[in-house]
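Pasting my_file_3.pdb here (PDB, C-alpha atoms and all ligand atoms):
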```
ATOM      1  CA  MET A   1     -17.171  23.277  41.699
ATOM      2  CA  GLN A   2     -17.924  22.009  45.244
ATOM      3  CA  ARG A   3     -17.764  18.261  45.943
ATOM      4  CA  ARG A   4     -21.504  17.955  46.453
ATOM      5  CA  GLU A   5     -22.214  19.836  43.198
ATOM      6  CA  LEU A   6     -19.709  17.654  41.376
ATOM      7  CA  PHE A   7     -21.313  14.464  42.670
ATOM      8  CA  SER A   8     -24.758  15.705  41.686
ATOM      9  CA  PHE A   9     -23.479  16.701  38.216
ATOM     10  CA  LEU A  10     -21.825  13.302  37.690
ATOM     11  CA  SER A  11     -24.878  11.420  38.811
ATOM     12  CA  SER A  12     -27.329  13.333  36.588
ATOM     13  CA  SER A  13     -25.085  13.396  33.512
ATOM     14  CA  VAL A  14     -24.412   9.650  33.714
ATOM     15  CA  LYS A  15     -28.158   8.951  34.073
ATOM     16  CA  ASN A  16     -29.028  11.206  31.124
ATOM     17  CA  SER A  17     -26.302   9.774  28.922
ATOM     18  CA  LEU A  18     -27.286   6.188  29.682
ATOM     19  CA  ALA A  19     -30.964   6.949  29.008
ATOM     20  CA  ASP A  20     -30.004   8.489  25.638
ATOM     21  CA  LYS A  21     -27.964   5.437  24.712
ATOM     22  CA  GLU A  22     -30.756   3.020  25.629
ATOM     23  CA  THR A  23     -33.208   4.695  23.280
ATOM     24  CA  LYS A  24     -30.829   4.929  20.305
ATOM     25  CA  VAL A  25     -29.396   2.159  18.131
ATOM     26  CA  THR A  26     -26.720   3.521  15.833
ATOM     27  CA  LEU A  27     -26.089   1.532  12.676
ATOM     28  CA  ILE A  28     -22.364   1.846  12.128
ATOM     29  CA  ARG A  29     -20.991  -0.755   9.693
ATOM     30  CA  PRO A  30     -17.405  -2.079   9.627
ATOM     31  CA  PRO A  31     -15.262   0.156   7.384
ATOM     32  CA  TYR A  32     -14.632  -2.019   4.315
ATOM     33  CA  PHE A  33     -17.873  -2.171   2.355
ATOM     34  CA  ASP A  34     -18.709  -0.781  -1.044
ATOM     35  CA  ASP A  35     -22.337  -1.767  -1.551
ATOM     36  CA  ILE A  36     -24.417  -1.207   1.604
ATOM     37  CA  ALA A  37     -27.234  -3.364   0.213
ATOM     38  CA  ALA A  38     -24.921  -6.387   0.212
ATOM     39  CA  PHE A  39     -25.221  -6.691   4.012
ATOM     40  CA  ASP A  40     -28.919  -7.535   3.709
ATOM     41  CA  ILE A  41     -28.237 -10.193   1.080
ATOM     42  CA  GLU A  42     -24.896 -11.889   1.745
ATOM     43  CA  CYS A  43     -24.896 -11.769   5.559
ATOM     44  CA  GLN A  44     -28.045 -13.914   5.678
ATOM     45  CA  ASN A  45     -26.018 -17.026   4.835
ATOM     46  CA  CYS A  46     -22.943 -16.235   6.928
ATOM     47  CA  GLU A  47     -22.079 -17.288  10.448
ATOM     48  CA  GLY A  48     -20.756 -13.827  11.356
ATOM     49  CA  LEU A  49     -17.152 -14.413  10.304
ATOM     50  CA  CYS A  50     -16.260 -10.740  10.705
ATOM     51  CA  ALA A  51     -17.414 -10.653  14.332
ATOM     52  CA  THR A  52     -15.440 -13.767  15.212
ATOM     53  CA  SER A  53     -12.272 -12.351  13.665
ATOM     54  CA  CYS A  54     -12.348  -8.951  15.404
ATOM     55  CA  GLN A  55      -9.807  -8.990  18.226
ATOM     56  CA  GLU A  56     -11.316  -5.860  19.746
ATOM     57  CA  GLN A  57     -14.694  -7.641  19.837
ATOM     58  CA  ILE A  58     -16.532  -4.564  18.619
ATOM     59  CA  ILE A  59     -18.535  -6.248  15.840
ATOM     60  CA  ILE A  60     -22.020  -7.314  16.908
ATOM     61  CA  ILE A  61     -24.211  -9.447  14.685
ATOM     62  CA  GLN A  62     -27.751  -8.127  14.951
ATOM     63  CA  GLU A  63     -30.994 -10.104  14.764
ATOM     64  CA  ASP A  64     -31.159  -9.362  11.032
ATOM     65  CA  LYS A  65     -27.755 -11.106  10.755
ATOM     66  CA  THR A  66     -25.883  -7.948   9.680
ATOM     67  CA  PRO A  67     -22.854  -6.579  11.554
ATOM     68  CA  ILE A  68     -22.634  -3.257  13.382
ATOM     69  CA  LEU A  69     -19.860  -1.712  15.432
ATOM     70  CA  ASP A  70     -20.281  -1.327  19.178
ATOM     71  CA  PHE A  71     -17.842   1.127  20.795
ATOM     72  CA  SER A  72     -19.063   0.580  24.349
ATOM     73  CA  LYS A  73     -15.957  -1.358  25.377
ATOM     74  CA  SER A  74     -13.283  -0.709  22.754
ATOM     75  CA  GLY A  75     -12.555   0.777  19.319
ATOM     76  CA  CYS A  76     -11.434  -0.114  15.814
ATOM     77  CA  THR A  77      -7.725  -0.455  15.032
ATOM     78  CA  TYR A  78      -8.387  -0.674  11.276
ATOM     79  CA  CYS A  79      -6.521  -3.977  11.396
ATOM     80  CA  ASP A  80      -8.275  -5.406   8.263
ATOM     81  CA  ASP A  81      -9.084  -8.731  10.000
ATOM     82  CA  CYS A  82     -12.845  -8.442   9.451
ATOM     83  CA  ALA A  83     -12.328  -7.766   5.737
ATOM     84  CA  VAL A  84      -9.959 -10.713   5.376
ATOM     85  CA  ALA A  85     -12.431 -13.017   7.166
ATOM     86  CA  CYS A  86     -15.401 -11.964   5.028
ATOM     87  CA  THR A  87     -15.321 -14.608   2.304
ATOM     88  CA  PRO A  88     -18.615 -13.374   0.750
ATOM     89  CA  ASN A  89     -16.700 -10.113   0.080
ATOM     90  CA  VAL A  90     -19.216  -7.740   1.619
ATOM     91  CA  LEU A  91     -16.135  -6.391   3.381
ATOM     92  CA  ASN A  92     -13.041  -6.129   1.226
ATOM     93  CA  ILE A  93      -9.643  -4.576   1.961
ATOM     94  CA  GLU A  94      -9.786  -2.768  -1.376
ATOM     95  CA  ASN A  95     -12.698  -0.727  -0.004
ATOM     96  CA  LYS A  96     -10.896   0.358   3.155
ATOM     97  CA  LYS A  97     -12.093   3.754   4.359
ATOM     98  CA  LEU A  98     -12.827   5.619   7.568
ATOM     99  CA  ILE A  99     -15.790   4.463   9.631
ATOM    100  CA  ASP A 100     -18.858   6.359   8.481
ATOM    101  CA  ALA A 101     -19.745   8.011  11.788
ATOM    102  CA  THR A 102     -19.312  11.301  13.582
ATOM    103  CA  ILE A 103     -17.905  11.284  17.097
ATOM    104  CA  SER A 104     -18.767  14.257  19.291
ATOM    105  CA  ILE A 105     -18.639  15.429  22.892
ATOM    106  CA  ASN A 106     -21.859  16.364  24.633
ATOM    107  CA  GLN A 107     -20.853  19.496  26.515
ATOM    108  CA  SER A 108     -23.671  19.239  29.034
ATOM    109  CA  SER A 109     -22.432  15.810  30.183
ATOM    110  CA  CYS A 110     -18.689  16.472  29.985
ATOM    111  CA  MET A 111     -16.903  17.126  33.302
ATOM    112  CA  SER A 112     -14.246  19.280  31.687
ATOM    113  CA  TRP A 113     -16.903  21.635  30.297
ATOM    114  CA  GLU A 114     -18.058  21.985  33.928
ATOM    115  CA  GLY A 115     -14.572  23.038  35.040
ATOM    116  CA  VAL A 116     -13.299  19.679  36.308
ATOM    117  CA  MET A 117      -9.891  18.661  34.995
ATOM    118  CA  CYS A 118     -10.244  15.420  33.010
ATOM    119  CA  PHE A 119      -8.196  13.987  30.160
ATOM    120  CA  SER A 120      -9.764  10.526  30.027
ATOM    121  CA  CYS A 121     -10.687  10.879  26.365
ATOM    122  CA  LYS A 122      -7.447  12.523  25.260
ATOM    123  CA  ASP A 123      -5.108   9.753  26.387
ATOM    124  CA  PRO A 124      -6.458   6.927  24.158
ATOM    125  CA  CYS A 125      -6.684   9.161  21.067
ATOM    126  CA  LEU A 126      -3.689   8.218  18.938
ATOM    127  CA  GLU A 127      -4.641  10.864  16.359
ATOM    128  CA  ASP A 128      -4.437  13.692  18.921
ATOM    129  CA  ALA A 129      -7.851  14.719  17.634
ATOM    130  CA  ILE A 130      -9.271  16.103  20.877
ATOM    131  CA  ASP A 131      -8.481  19.769  21.387
ATOM    132  CA  PHE A 132      -8.560  21.379  24.833
ATOM    133  CA  LYS A 133      -8.716  25.134  25.420
ATOM    134  CA  ALA A 134      -6.329  25.886  28.288
ATOM    135  CA  MET A 135      -6.815  22.333  29.607
ATOM    136  CA  PHE A 136     -10.635  22.481  29.544
ATOM    137  CA  MET A 137     -13.572  22.480  27.108
ATOM    138  CA  PRO A 138     -12.573  19.576  24.841
ATOM    139  CA  THR A 139     -13.862  19.371  21.286
ATOM    140  CA  ILE A 140     -13.186  16.802  18.604
ATOM    141  CA  ASN A 141     -11.258  17.981  15.584
ATOM    142  CA  GLN A 142     -13.248  16.326  12.808
ATOM    143  CA  ASP A 143     -10.354  16.806  10.357
ATOM    144  CA  LYS A 144      -8.147  14.540  12.461
ATOM    145  CA  CYS A 145     -10.701  12.129  13.962
ATOM    146  CA  THR A 146     -10.785   8.702  12.317
ATOM    147  CA  SER A 147     -13.998   7.650  14.132
ATOM    148  CA  CYS A 148     -12.095   4.767  15.699
ATOM    149  CA  GLY A 149     -14.256   5.036  18.824
ATOM    150  CA  PHE A 150     -11.523   4.387  21.391
ATOM    151  CA  CYS A 151     -12.326   7.549  23.358
ATOM    152  CA  ILE A 152     -15.990   6.653  23.848
ATOM    153  CA  SER A 153     -15.678   3.968  26.517
ATOM    154  CA  ARG A 154     -13.049   5.952  28.422
ATOM    155  CA  CYS A 155     -15.346   8.844  29.329
ATOM    156  CA  PRO A 156     -16.515   8.428  32.936
ATOM    157  CA  THR A 157     -19.738  10.361  32.289
ATOM    158  CA  TYR A 158     -20.549   8.785  28.897
ATOM    159  CA  ALA A 159     -20.369  12.238  27.302
ATOM    160  CA  ILE A 160     -18.958  11.061  23.963
ATOM    161  CA  GLY A 161     -21.512  10.069  21.387
ATOM    162  CA  VAL A 162     -21.501   8.533  17.945
ATOM    163  CA  SER A 163     -23.928   9.335  15.143
ATOM    164  CA  GLU A 164     -24.325   8.029  11.614
TER     165      GLU A 164
HETATM  166  S1  LIG B   1     -18.267 -11.783   7.399
HETATM  167 FE1  LIG B   1     -19.123 -10.601   5.720
HETATM  168  S2  LIG B   1     -20.926 -11.737   5.057
HETATM  169 FE2  LIG B   1     -20.349 -12.475   7.107
HETATM  170  S3  LIG B   1     -21.613 -11.268   8.522
HETATM  171 FE3  LIG B   1     -19.637 -10.231   8.311
HETATM  172  S4  LIG B   1     -19.981  -8.737   6.646
HETATM  173 FE4  LIG B   1     -21.647 -10.236   6.537
HETATM  174  S1  LIG B   2     -10.785  -3.447  11.309
HETATM  175 FE1  LIG B   2     -10.120  -4.831  12.954
HETATM  176  S2  LIG B   2     -10.706  -3.783  14.873
HETATM  177 FE2  LIG B   2     -11.812  -2.787  13.198
HETATM  178  S3  LIG B   2     -13.827  -3.803  13.113
HETATM  179 FE3  LIG B   2     -12.482  -4.869  11.640
HETATM  180  S4  LIG B   2     -11.557  -6.548  12.775
HETATM  181 FE4  LIG B   2     -12.425  -5.114  14.282
HETATM  182  S1  LIG B   3     -12.906   8.526  17.738
HETATM  183 FE1  LIG B   3     -11.707  10.316  17.035
HETATM  184  S2  LIG B   3     -11.404  11.544  18.875
HETATM  185 FE2  LIG B   3     -12.002   9.481  19.578
HETATM  186  S3  LIG B   3     -10.070   8.364  19.920
HETATM  187 FE3  LIG B   3     -10.699   7.952  17.784
HETATM  188  S4  LIG B   3      -9.653   9.516  16.536
HETATM  189 FE4  LIG B   3      -9.585  10.210  18.699
END
```
Is it possible to express this structure as structure tokens?
Amino acid sequence: MQRRELFSFLSSSVKNSLADKETKVTLIRPPYFDDIAAFDIECQNCEGLCATSCQEQIIIIQEDKTPILDFSKSGCTYCDDCAVACTPNVLNIENKKLIDATISINQSSCMSWEGVMCFSCKDPCLEDAIDFKAMFMPTINQDKCTSCGFCISRCPTYAIGVSE
């Protein structure tokens, strides 16, 4: 790919990806709940203890006072801190499980799918869950991916998405 084509590709894919993200709010809860309805009840009287305890600062308390995960700057280490902090027990270590979300690569926004060498997403993935074919065309191996979200903020063209 020529430099001018690459610049044009980067510019349009970043714009498209950002526009997509602005129109979508993905409700991903912290990974320690059993009863999803408990968020709407118990969180109403809580000061957002889970968000304060998260060292990665990925828990956002929404206007309805319930927590969601935001992978735009970091990911989840499954450290248990949010579950320990949740005294109303909406989150509990006994209910530890993988984050209920699917992480995927949008091929039309990914530089590597356009023939540009890029391993920005591979490096932070401790599970080695991103497979490359001869150093290009990355895909996420859903059997290995823990939905931790660490790869998302590392993609320069915002090509990695998360869905419920
Ligand atoms: S600490 Fe528990 S009760 Fe408080 S906002 Fe977080 S999930 Fe809700
Ligand atoms: S497990 Fe740790 S990193 Fe993950 S959301 Fe809870 S406090 Fe944050
Ligand atoms: S979300 Fe999946 S692919 Fe991305 S860094 Fe975490 S385990 Fe790897």
Residues contacting ligand LIG 2 (chain B) - anything with an atom at most 7 Å away, using all atoms listed in the file - can you give me those as a ChimeraX atom specification? /A:30-31,50,53-59,69,75-83
Would you output that residue set with C-alpha atoms, as a compact mmCIF listing (two decimals), keeping the file's coordinate frame?
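Below is the file that was written, result-v2.txt:
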```
# COMPACT_ATOMS: atom_id res chain seq x y z
CA PRO A 30 -17.40 -2.08 9.63
CA PRO A 31 -15.26 0.16 7.38
CA CYS A 50 -16.26 -10.74 10.70
CA SER A 53 -12.27 -12.35 13.66
CA CYS A 54 -12.35 -8.95 15.40
CA GLN A 55 -9.81 -8.99 18.23
CA GLU A 56 -11.32 -5.86 19.75
CA GLN A 57 -14.69 -7.64 19.84
CA ILE A 58 -16.53 -4.56 18.62
CA ILE A 59 -18.54 -6.25 15.84
CA LEU A 69 -19.86 -1.71 15.43
CA GLY A 75 -12.56 0.78 19.32
CA CYS A 76 -11.43 -0.11 15.81
CA THR A 77 -7.72 -0.46 15.03
CA TYR A 78 -8.39 -0.67 11.28
CA CYS A 79 -6.52 -3.98 11.40
CA ASP A 80 -8.28 -5.41 8.26
CA ASP A 81 -9.08 -8.73 10.00
CA CYS A 82 -12.84 -8.44 9.45
CA ALA A 83 -12.33 -7.77 5.74
```
For A:Asn89, which residue among A:Ala38, A:Ile60, A:Ala129, A:Cys121 is the nearest when counting all atoms listed in the file? A:Ala38
Sort by chain and increasing residue number a table of all residues of chain A within 7 Å of ligand LIG 1 (chain B), each with its closest pair of atoms and their distance in Å to one decimal, counting all atoms listed in the file, and write it as CSV.
```
residue,atom,partner,partner_atom,distance
A:Phe39,CA,B:LIG1,FE4,5.6
A:Glu42,CA,B:LIG1,S2,5.2
A:Cys43,CA,B:LIG1,FE4,3.7
A:Cys46,CA,B:LIG1,FE2,4.6
A:Glu47,CA,B:LIG1,FE2,6.1
A:Gly48,CA,B:LIG1,S3,3.9
A:Leu49,CA,B:LIG1,S1,4.1
A:Cys50,CA,B:LIG1,S1,4.0
A:Ala51,CA,B:LIG1,FE3,6.4
A:Ile61,CA,B:LIG1,S3,6.9
A:Lys65,CA,B:LIG1,S3,6.5
A:Thr66,CA,B:LIG1,S3,5.5
A:Pro67,CA,B:LIG1,S3,5.7
A:Cys82,CA,B:LIG1,S1,6.7
A:Ala85,CA,B:LIG1,S1,6.0
A:Cys86,CA,B:LIG1,S1,3.7
A:Thr87,CA,B:LIG1,FE1,6.5
A:Pro88,CA,B:LIG1,S2,5.2
A:Asn89,CA,B:LIG1,FE1,6.2
A:Val90,CA,B:LIG1,FE1,5.0
A:Leu91,CA,B:LIG1,S4,5.6
```
Of A:Val84, A:Ala101, A:Pro156, A:Phe33, the one nearest to A:Phe119 when counting only C-alpha atoms is A:Pro156
Taking a cut-off of 7 Å and counting only C-alpha atoms and all ligand atoms, can you build a table that, for each residue of chain A near ligand LIG 3 (chain B), reports the nearest atom pair and how far apart they are in Å (one decimal), sorted by chain then residue number, as a tab-separated table?
```
residue	atom	partner	partner_atom	distance
A:Ile103	CA	B:LIG3	S1	5.7
A:Cys121	CA	B:LIG3	S3	6.9
A:Pro124	CA	B:LIG3	S3	5.8
A:Cys125	CA	B:LIG3	S3	3.7
A:Leu126	CA	B:LIG3	FE4	6.2
A:Glu127	CA	B:LIG3	S4	5.2
A:Asp128	CA	B:LIG3	FE4	6.2
A:Ala129	CA	B:LIG3	S2	4.9
A:Ile130	CA	B:LIG3	S2	5.4
A:Ile140	CA	B:LIG3	S2	5.6
A:Lys144	CA	B:LIG3	S4	6.6
A:Cys145	CA	B:LIG3	FE1	3.7
A:Thr146	CA	B:LIG3	S4	4.4
A:Ser147	CA	B:LIG3	S1	3.9
A:Cys148	CA	B:LIG3	FE3	4.1
A:Gly149	CA	B:LIG3	S1	3.9
A:Phe150	CA	B:LIG3	S3	4.5
A:Cys151	CA	B:LIG3	S3	4.2
A:Ile152	CA	B:LIG3	FE2	6.5
```
Picked residues, the PyMOL selection byres (((chain A and resi 163) around 8) and not hetatm), as a compact mmCIF listing (two decimals) with C-alpha atoms, keeping the file's coordinate frame:
```
# COMPACT_ATOMS: atom_id res chain seq x y z
CA THR A 26 -26.72 3.52 15.83
CA ALA A 101 -19.74 8.01 11.79
CA THR A 102 -19.31 11.30 13.58
CA ILE A 103 -17.90 11.28 17.10
CA GLY A 161 -21.51 10.07 21.39
CA VAL A 162 -21.50 8.53 17.94
CA GLU A 164 -24.32 8.03 11.61
```
Selected residue of minimal separation from A:Met137 among A:Thr157, A:Ser109, A:Asn45, A:Thr52, counting only C-alpha atoms: A:Ser109
Since I can't run it myself right now, could you work out what the PyMOL selection byres (((chain A and resi 159) around 9) and not hetatm) selects here and report it as a VMD selection string? chain A and resid 13 to 14 17 104 to 111 152 155 to 158 160 to 161
Under the rule that all atoms listed in the file are counted, which of A:Tyr32, A:Gln62, A:Gln142, A:Leu27 is the nearest residue to A:Lys96? A:Tyr32
Answer as a list in words, residues within 9 Å of (-8.4, 25.1, 32.3) using only C-alpha atoms: Ser112, Gly115, Val116, Met117, Phe132, Lys133, Ala134, Met135, Phe136 and Met137 of chain A
Atom CA of A:Trp113 and atom CA of A:Asp131 are how many Å apart? 12.4 Å
In Å, with one decimal, what is the gap from atom CA of A:Phe71 to atom CA of A:Ser153?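 So the two atoms, atom CA of A:Phe71 and atom CA of A:Ser153, lie 6.7 Å apart.
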Could you tell me how far atom CA of A:Asp64 sits from atom CA of A:Asp40, in Å to one decimal place? 7.9 Å
Around stretch 141-154 of chain A, with edges along x, y and z and 3 Å added on all six sides, what centre and edge lengths do you get, in Å to one decimal, as lines of an AutoDock Vina configuration file?
```
center_x = -12.1
center_y = 11.0
center_z = 19.4
size_x = 13.8
size_y = 20.0
size_z = 24.1
```
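You can rank A:Lys97, A:Asn92, A:Ser74, A:Arg154 by their closest distance to A:Lys122 using all atoms listed in the file, and at the top of that list sits A:Arg154.
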